[in-house]
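*Asks:* One structure, pasted below without further comment.
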Amino acid sequence: MPTDKQFERLEQRRKTLQKEFDQLRARQNEASREIARLKKEGKSADKLLGEMQKVAERIKTLKAEQQEVEAELNTSQLFRPNTPHASVPKGKSSEDNRVERVWGEKPKFVFQAKDHVALGEALGILNFERAAKIAGARFAVLTGAGASLERALINFMLDLHTKEHGYTEVLPPFMVNADALTGTGQLPKFEGDLFKTTDGRYLVPTAEVPLTNLYRREILKEEDLPISLTAYTPCFRSEAGSYGKDVKGLIRQHQFNKVELVKFTTPEKSYEALEKLTADAEKVLQKLGLHYRVVTLCTADIGFAAAKTYDLEVWLPGQNAYREISSCSNCEDFQARRAGIRFRPKGGGPSTRPAGRGSLRASKPQFVHTLNGSGLAVGRTLIAILEQFQQKDGSVSVPKALQSSLGISKITL
RNA sequence: GGAGAGGUGGCCGAGUGGUUGAAGGCGCCAGUCUUGAAAACUGGAGUACCCUUACGGGUACCGUGAGUUCGAAUCUCACCCUCUCCGCCA
């Protein structure tokens, strides 16, 4: 990967090449007109033609060089991670993440708390062996109340975000092309984390990819911002390199359900929007009555595309630990640059050229800021419900918010 | 899977290898007129990069990429996408 200095040098080289290229093309365009004129007048253009042949050759080599430099510049850009925001704590590991707040309390059990695997298997709503039989490791089968609960959670989250938080529901394709994944930052660096189809497409690792890329190569109107979208999709991850990590249970699967939140804002409003988006995700946990905490990821733990990330960590009694259930990030213009998502500032924005007589010039397009967050990871929400709401007899009480849609108040044998 | 048609500016739509960034229409913006509005008229209006303090100038872009040519929206090839018909299918 090139250093800043190498990058500078490449950029300088690109400019030099373009300067010569542009000059020669100007000369060529001029000569072309001249040749056309001479021919029309019935005069010979042989001399010019001869000269231009050489110019054409030079232009060809220049173009090739230019493309080479641009390709180099381009890839070096694509592998460069986002720069963390000033408020992001510096750190060496997830130990250095900063706890922002805690909601609710750890449930106290007068009995030995079980984990969701024991609970779910005993209740007959979770099965990993049969999943392995039909798909392999890191898959699960939900049955009966387990399947209904998963479905109820999806609906609950979507309803909350659309009806109370103002998001527009989207149902995107579950497969995307390489351009989309490059736009959000999964490609080219993290190809190994993805499932690729035989025709060169990829299964979505998160709805962030199709949602954010909805406006790829578009110039939006400032009046239309902010845009808030939510979508349910399954998410597919190869989990390469996570061998031996979270091998048991629903925590880490090749396929899981998630309701995602995505926002497009102006640069001025994006940090405000991050707080709001995070609060929207938290609201799901609050309504369900699940104890959790919010942490700010430190520089060591933050993702490739994010400038700042809040993780929501739900309490899992079965693991005696807080585990990530949502990750809410402001990517600033990182993804917008890659995906070419811009907006045209209304009125007083900086203009390309001065206003002509009697008419206002449109202001120059700027990159939007993009945000995304889980609202929430459905499978992990199900884990939290099983573990936090387990009863001594092995049954699980259903959160009030889900009782009417699920039609039961308790999951029993 | 088979057969065919097509991809041009915000939209519709013309386009002969040579002032075509691209006719015309619609829409849009500003102005004139009007008490106001409409109509009419006049003017403006794409994106990116490079040079310039600025004024301004240059280059590229007609689905994408390559080729032919002094010169390509226009010719050739490959790919992508859209549409129609047939077959198959939830």
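The chains in the structure tokens are called A, B, ... from first to last as shown; in each chain the residues are counted from 1, and the ligands are counted from 1 in the order shown.
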For segment 48-56 of chain B, list every protein, DNA or RNA residue within 9 Å, evaluated using only C-alpha atoms (C1' of nucleotides), and leave out those in the same chain fewer than 5 positions away; present the list as a ChimeraX atom specification.
*Replies:* /A:15,18-19,22 /B:61
*Asks:* Would you mind exporting the chosen residues as a PDB file, in the first residue's frame, restricted to N, CA and C atoms (P, O5', C5', C4', C3', O3' and C1' of nucleotides)?
*Replies:*
ATOM      1  N   LYS A  15      -1.066  14.543 -12.931  1.00  0.00           N
ATOM      2  CA  LYS A  15      -1.285  15.898 -13.432  1.00  0.00           C
ATOM      3  C   LYS A  15      -0.395  16.210 -14.620  1.00  0.00           C
ATOM      4  N   GLN A  18      -1.665  14.415 -17.594  1.00  0.00           N
ATOM      5  CA  GLN A  18      -2.908  14.996 -18.114  1.00  0.00           C
ATOM      6  C   GLN A  18      -2.635  16.297 -18.840  1.00  0.00           C
ATOM      7  N   LYS A  19      -1.695  17.079 -18.327  1.00  0.00           N
ATOM      8  CA  LYS A  19      -1.395  18.361 -18.954  1.00  0.00           C
ATOM      9  C   LYS A  19      -0.950  18.135 -20.395  1.00  0.00           C
ATOM     10  N   ASP A  22      -3.840  16.754 -22.550  1.00  0.00           N
ATOM     11  CA  ASP A  22      -4.831  17.781 -22.896  1.00  0.00           C
ATOM     12  C   ASP A  22      -4.315  18.705 -23.995  1.00  0.00           C
TER      13      ASP A  22
ATOM     14  P     C B  61     -14.371  11.507 -25.046  1.00  0.00           P
ATOM     15  O5'   C B  61     -15.656  11.343 -24.115  1.00  0.00           O
ATOM     16  C5'   C B  61     -15.755  10.227 -23.243  1.00  0.00           C
ATOM     17  C4'   C B  61     -16.860  10.436 -22.245  1.00  0.00           C
ATOM     18  C3'   C B  61     -18.244  10.693 -22.838  1.00  0.00           C
ATOM     19  O3'   C B  61     -18.865   9.491 -23.221  1.00  0.00           O
ATOM     20  C1'   C B  61     -17.839  12.194 -21.070  1.00  0.00           C
TER      21        C B  61
END
*Asks:* Might you pull out every residue within 12 Å of Val69 of chain A, with only C-alpha atoms (C1' of nucleotides) counted and same-chain residues fewer than 3 positions away left off, and present them as a PyMOL selection string?
*Replies:* chain A and resi 6-18+62-66+72-76
*Asks:* Put those residues in a file: N, CA and C atoms, as a PDB file, in the first residue's frame.
*Replies:*
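Saved the output as selection.pdb:
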ATOM      1  N   GLN A   6       4.196   8.604  -1.463  1.00  0.00           N
ATOM      2  CA  GLN A   6       4.065   7.938  -2.755  1.00  0.00           C
ATOM      3  C   GLN A   6       2.783   8.385  -3.450  1.00  0.00           C
ATOM      4  N   PHE A   7       1.768   8.546  -2.658  1.00  0.00           N
ATOM      5  CA  PHE A   7       0.478   8.971  -3.173  1.00  0.00           C
ATOM      6  C   PHE A   7       0.597  10.348  -3.817  1.00  0.00           C
ATOM      7  N   GLU A   8       1.280  11.230  -3.099  1.00  0.00           N
ATOM      8  CA  GLU A   8       1.524  12.592  -3.593  1.00  0.00           C
ATOM      9  C   GLU A   8       2.251  12.551  -4.934  1.00  0.00           C
ATOM     10  N   ARG A   9       3.239  11.680  -4.993  1.00  0.00           N
ATOM     11  CA  ARG A   9       4.051  11.588  -6.201  1.00  0.00           C
ATOM     12  C   ARG A   9       3.202  11.092  -7.381  1.00  0.00           C
ATOM     13  N   LEU A  10       2.379  10.113  -7.087  1.00  0.00           N
ATOM     14  CA  LEU A  10       1.496   9.588  -8.126  1.00  0.00           C
ATOM     15  C   LEU A  10       0.553  10.682  -8.642  1.00  0.00           C
ATOM     16  N   GLU A  11       0.019  11.417  -7.709  1.00  0.00           N
ATOM     17  CA  GLU A  11      -0.918  12.484  -8.052  1.00  0.00           C
ATOM     18  C   GLU A  11      -0.227  13.537  -8.926  1.00  0.00           C
ATOM     19  N   GLN A  12       1.020  13.822  -8.584  1.00  0.00           N
ATOM     20  CA  GLN A  12       1.804  14.782  -9.362  1.00  0.00           C
ATOM     21  C   GLN A  12       2.019  14.259 -10.783  1.00  0.00           C
ATOM     22  N   ARG A  13       2.330  12.966 -10.846  1.00  0.00           N
ATOM     23  CA  ARG A  13       2.571  12.313 -12.139  1.00  0.00           C
ATOM     24  C   ARG A  13       1.297  12.351 -12.996  1.00  0.00           C
ATOM     25  N   ARG A  14       0.174  12.120 -12.342  1.00  0.00           N
ATOM     26  CA  ARG A  14      -1.104  12.131 -13.046  1.00  0.00           C
ATOM     27  C   ARG A  14      -1.350  13.505 -13.686  1.00  0.00           C
ATOM     28  N   LYS A  15      -1.066  14.543 -12.931  1.00  0.00           N
ATOM     29  CA  LYS A  15      -1.285  15.898 -13.432  1.00  0.00           C
ATOM     30  C   LYS A  15      -0.395  16.210 -14.620  1.00  0.00           C
ATOM     31  N   THR A  16       0.874  15.833 -14.483  1.00  0.00           N
ATOM     32  CA  THR A  16       1.812  16.084 -15.581  1.00  0.00           C
ATOM     33  C   THR A  16       1.340  15.404 -16.850  1.00  0.00           C
ATOM     34  N   LEU A  17       0.942  14.140 -16.702  1.00  0.00           N
ATOM     35  CA  LEU A  17       0.476  13.376 -17.853  1.00  0.00           C
ATOM     36  C   LEU A  17      -0.765  14.028 -18.460  1.00  0.00           C
ATOM     37  N   GLN A  18      -1.665  14.415 -17.594  1.00  0.00           N
ATOM     38  CA  GLN A  18      -2.908  14.996 -18.114  1.00  0.00           C
ATOM     39  C   GLN A  18      -2.635  16.297 -18.840  1.00  0.00           C
ATOM     40  N   LEU A  62       0.437   8.164 -24.110  1.00  0.00           N
ATOM     41  CA  LEU A  62       0.117   8.979 -22.938  1.00  0.00           C
ATOM     42  C   LEU A  62      -1.116   8.452 -22.232  1.00  0.00           C
ATOM     43  N   LYS A  63      -2.091   8.105 -23.026  1.00  0.00           N
ATOM     44  CA  LYS A  63      -3.352   7.622 -22.468  1.00  0.00           C
ATOM     45  C   LYS A  63      -3.133   6.344 -21.668  1.00  0.00           C
ATOM     46  N   ALA A  64      -2.332   5.449 -22.246  1.00  0.00           N
ATOM     47  CA  ALA A  64      -2.050   4.187 -21.566  1.00  0.00           C
ATOM     48  C   ALA A  64      -1.376   4.445 -20.228  1.00  0.00           C
ATOM     49  N   GLU A  65      -0.386   5.342 -20.239  1.00  0.00           N
ATOM     50  CA  GLU A  65       0.333   5.678 -19.003  1.00  0.00           C
ATOM     51  C   GLU A  65      -0.600   6.271 -17.960  1.00  0.00           C
ATOM     52  N   GLN A  66      -1.429   7.168 -18.468  1.00  0.00           N
ATOM     53  CA  GLN A  66      -2.369   7.853 -17.590  1.00  0.00           C
ATOM     54  C   GLN A  66      -3.297   6.846 -16.913  1.00  0.00           C
ATOM     55  N   GLU A  72      -3.514   2.811 -10.338  1.00  0.00           N
ATOM     56  CA  GLU A  72      -2.711   2.687  -9.128  1.00  0.00           C
ATOM     57  C   GLU A  72      -3.256   3.585  -8.028  1.00  0.00           C
ATOM     58  N   LEU A  73      -3.548   4.806  -8.429  1.00  0.00           N
ATOM     59  CA  LEU A  73      -4.099   5.792  -7.512  1.00  0.00           C
ATOM     60  C   LEU A  73      -5.412   5.290  -6.929  1.00  0.00           C
ATOM     61  N   ASN A  74      -6.202   4.740  -7.815  1.00  0.00           N
ATOM     62  CA  ASN A  74      -7.516   4.266  -7.459  1.00  0.00           C
ATOM     63  C   ASN A  74      -7.474   3.136  -6.442  1.00  0.00           C
ATOM     64  N   THR A  75      -6.652   2.110  -6.718  1.00  0.00           N
ATOM     65  CA  THR A  75      -6.618   0.983  -5.786  1.00  0.00           C
ATOM     66  C   THR A  75      -6.057   1.402  -4.443  1.00  0.00           C
ATOM     67  N   SER A  76      -5.038   2.274  -4.465  1.00  0.00           N
ATOM     68  CA  SER A  76      -4.481   2.700  -3.190  1.00  0.00           C
ATOM     69  C   SER A  76      -5.549   3.427  -2.372  1.00  0.00           C
TER      70      SER A  76
END
*Asks:* What are the residues of chain A that have an atom within 8 Å of an atom of chain B, counting only C-alpha atoms (C1' of nucleotides), as number ranges by chain?
*Replies:* A: 15, 18-19, 22-23, 25-26, 28-29, 31-33, 35-36, 48-50, 52-53, 56, 356, 358-361
*Asks:* Can you spit out the residues from that selection as a CSV table (one decimal), in the first residue's frame, using N, CA, C and O atoms?
*Replies:*
chain,number,residue,atom,x,y,z
A,15,LYS,N,-1.1,14.5,-12.9
A,15,LYS,CA,-1.3,15.9,-13.4
A,15,LYS,C,-0.4,16.2,-14.6
A,15,LYS,O,-0.8,16.8,-15.6
A,18,GLN,N,-1.7,14.4,-17.6
A,18,GLN,CA,-2.9,15.0,-18.1
A,18,GLN,C,-2.6,16.3,-18.8
A,18,GLN,O,-3.3,16.6,-19.9
A,19,LYS,N,-1.7,17.1,-18.3
A,19,LYS,CA,-1.4,18.4,-19.0
A,19,LYS,C,-1.0,18.1,-20.4
A,19,LYS,O,-1.5,18.8,-21.3
A,22,ASP,N,-3.8,16.8,-22.5
A,22,ASP,CA,-4.8,17.8,-22.9
A,22,ASP,C,-4.3,18.7,-24.0
A,22,ASP,O,-5.0,19.1,-24.9
A,23,GLN,N,-3.0,19.1,-23.9
A,23,GLN,CA,-2.4,20.0,-24.9
A,23,GLN,C,-2.4,19.3,-26.2
A,23,GLN,O,-2.8,20.0,-27.2
A,25,ARG,N,-4.3,16.9,-27.3
A,25,ARG,CA,-5.6,16.7,-27.8
A,25,ARG,C,-6.2,18.0,-28.4
A,25,ARG,O,-6.9,18.0,-29.4
A,26,ALA,N,-5.8,19.1,-27.7
A,26,ALA,CA,-6.3,20.4,-28.2
A,26,ALA,C,-5.7,20.6,-29.6
A,26,ALA,O,-6.4,21.1,-30.5
A,28,GLN,N,-4.7,18.4,-31.6
A,28,GLN,CA,-5.4,17.4,-32.6
A,28,GLN,C,-6.7,17.9,-33.0
A,28,GLN,O,-7.1,17.8,-34.2
A,29,ASN,N,-7.5,18.4,-32.1
A,29,ASN,CA,-8.8,18.9,-32.4
A,29,ASN,C,-8.7,20.1,-33.4
A,29,ASN,O,-9.5,20.2,-34.3
A,31,ALA,N,-6.3,20.7,-35.5
A,31,ALA,CA,-5.8,20.1,-36.8
A,31,ALA,C,-7.0,19.4,-37.5
A,31,ALA,O,-7.1,19.5,-38.8
A,32,SER,N,-7.8,18.7,-36.8
A,32,SER,CA,-8.9,18.1,-37.4
A,32,SER,C,-9.8,19.0,-38.1
A,32,SER,O,-10.2,18.8,-39.2
A,33,ARG,N,-10.1,20.2,-37.5
A,33,ARG,CA,-10.9,21.2,-38.1
A,33,ARG,C,-10.2,21.7,-39.3
A,33,ARG,O,-10.9,21.9,-40.4
A,35,ILE,N,-8.0,20.2,-41.2
A,35,ILE,CA,-8.1,19.2,-42.3
A,35,ILE,C,-9.4,19.2,-43.0
A,35,ILE,O,-9.5,19.1,-44.2
A,36,ALA,N,-10.4,19.2,-42.2
A,36,ALA,CA,-11.8,19.3,-42.7
A,36,ALA,C,-11.9,20.4,-43.7
A,36,ALA,O,-12.5,20.3,-44.8
A,48,LEU,N,-0.3,18.1,-42.9
A,48,LEU,CA,-0.9,18.0,-41.6
A,48,LEU,C,-1.1,16.6,-41.2
A,48,LEU,O,-0.9,16.2,-40.0
A,49,LEU,N,-1.6,15.8,-42.1
A,49,LEU,CA,-1.9,14.4,-41.8
A,49,LEU,C,-0.7,13.7,-41.3
A,49,LEU,O,-0.8,12.9,-40.3
A,50,GLY,N,0.4,13.9,-42.0
A,50,GLY,CA,1.6,13.3,-41.5
A,50,GLY,C,2.0,13.7,-40.1
A,50,GLY,O,2.4,12.8,-39.3
A,52,MET,N,0.1,14.8,-37.8
A,52,MET,CA,-0.9,14.3,-36.9
A,52,MET,C,-0.8,12.8,-36.5
A,52,MET,O,-1.2,12.4,-35.5
A,53,GLN,N,-0.3,12.1,-37.5
A,53,GLN,CA,-0.1,10.7,-37.2
A,53,GLN,C,0.9,10.5,-36.0
A,53,GLN,O,0.6,9.6,-35.2
A,56,ALA,N,-1.0,11.5,-32.9
A,56,ALA,CA,-1.9,10.4,-32.5
A,56,ALA,C,-1.2,9.3,-31.7
A,56,ALA,O,-1.7,8.8,-30.7
A,356,GLY,N,-24.6,34.4,-13.6
A,356,GLY,CA,-24.7,35.1,-14.9
A,356,GLY,C,-25.7,36.2,-14.8
A,356,GLY,O,-26.5,36.2,-13.9
A,358,GLY,N,-28.8,38.0,-14.5
A,358,GLY,CA,-30.2,37.7,-14.3
A,358,GLY,C,-30.5,36.3,-14.0
A,358,GLY,O,-31.6,35.9,-13.9
A,359,SER,N,-29.5,35.4,-13.8
A,359,SER,CA,-29.8,34.0,-13.5
A,359,SER,C,-28.8,33.5,-12.4
A,359,SER,O,-27.7,33.8,-12.4
A,360,LEU,N,-29.4,32.7,-11.6
A,360,LEU,CA,-28.6,32.1,-10.5
A,360,LEU,C,-28.0,30.8,-11.0
A,360,LEU,O,-28.7,30.0,-11.5
A,361,ARG,N,-26.7,30.6,-10.8
A,361,ARG,CA,-26.1,29.4,-11.1
A,361,ARG,C,-26.4,28.4,-10.0
A,361,ARG,O,-26.4,28.7,-8.8
*Asks:* As a list in words, list the residues of segment 131-228 of chain A assigned to strand (DSSP E) by DSSP on the backbone atoms of this structure.
*Replies:* Val141, Leu142, Thr168, Glu169, Val170, Met175, Val176, Tyr202, Leu203, Glu218, Ile219, Leu220, Lys221, Ile227 and Ser228 of chain A
*Asks:* Could those residues be written to a file, using N, CA and C atoms, as a CSV table (one decimal), in the first residue's frame?
*Replies:*
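File produced: out13.csv:
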chain,number,residue,atom,x,y,z
A,141,VAL,N,-31.8,-24.1,12.8
A,141,VAL,CA,-33.2,-24.2,12.4
A,141,VAL,C,-34.1,-23.7,13.6
A,142,LEU,N,-35.0,-22.8,13.3
A,142,LEU,CA,-35.9,-22.4,14.3
A,142,LEU,C,-37.3,-23.0,14.0
A,168,THR,N,-38.3,5.0,6.0
A,168,THR,CA,-39.1,4.4,4.9
A,168,THR,C,-38.6,2.9,4.7
A,169,GLU,N,-39.6,2.0,4.6
A,169,GLU,CA,-39.2,0.6,4.5
A,169,GLU,C,-38.9,0.3,3.1
A,170,VAL,N,-37.8,-0.5,3.0
A,170,VAL,CA,-37.3,-0.9,1.7
A,170,VAL,C,-37.1,-2.5,1.7
A,175,MET,N,-29.0,-10.1,-3.3
A,175,MET,CA,-27.7,-10.3,-4.0
A,175,MET,C,-27.3,-8.9,-4.5
A,176,VAL,N,-26.0,-8.7,-4.6
A,176,VAL,CA,-25.5,-7.4,-5.1
A,176,VAL,C,-24.3,-7.6,-6.0
A,202,TYR,N,-22.7,-11.4,-5.2
A,202,TYR,CA,-22.5,-11.7,-3.8
A,202,TYR,C,-23.8,-11.7,-3.0
A,203,LEU,N,-23.8,-12.6,-2.0
A,203,LEU,CA,-25.0,-12.5,-1.1
A,203,LEU,C,-24.7,-11.3,-0.2
A,218,GLU,N,-25.6,9.3,-7.9
A,218,GLU,CA,-26.8,10.2,-8.1
A,218,GLU,C,-26.4,11.6,-7.4
A,219,ILE,N,-27.1,12.6,-7.9
A,219,ILE,CA,-27.0,13.9,-7.2
A,219,ILE,C,-28.4,14.2,-6.6
A,220,LEU,N,-28.4,14.2,-5.3
A,220,LEU,CA,-29.7,14.3,-4.6
A,220,LEU,C,-30.0,15.8,-4.4
A,221,LYS,N,-31.3,16.1,-4.2
A,221,LYS,CA,-31.6,17.5,-3.8
A,221,LYS,C,-31.4,17.7,-2.3
A,227,ILE,N,-32.5,11.4,4.2
A,227,ILE,CA,-33.2,10.3,3.8
A,227,ILE,C,-33.0,9.2,4.8
A,228,SER,N,-34.1,8.6,5.3
A,228,SER,CA,-33.9,7.5,6.3
A,228,SER,C,-34.6,6.3,5.8
*Asks:* Return as a PyMOL selection string the full set of residues in segment 97-306 of chain A whose backbone-based DSSP assignment is helix (DSSP H, G or I).
*Replies:* chain A and resi 116-123+129-134+145-164+178-184+191-193+208-215+222-224+267-288
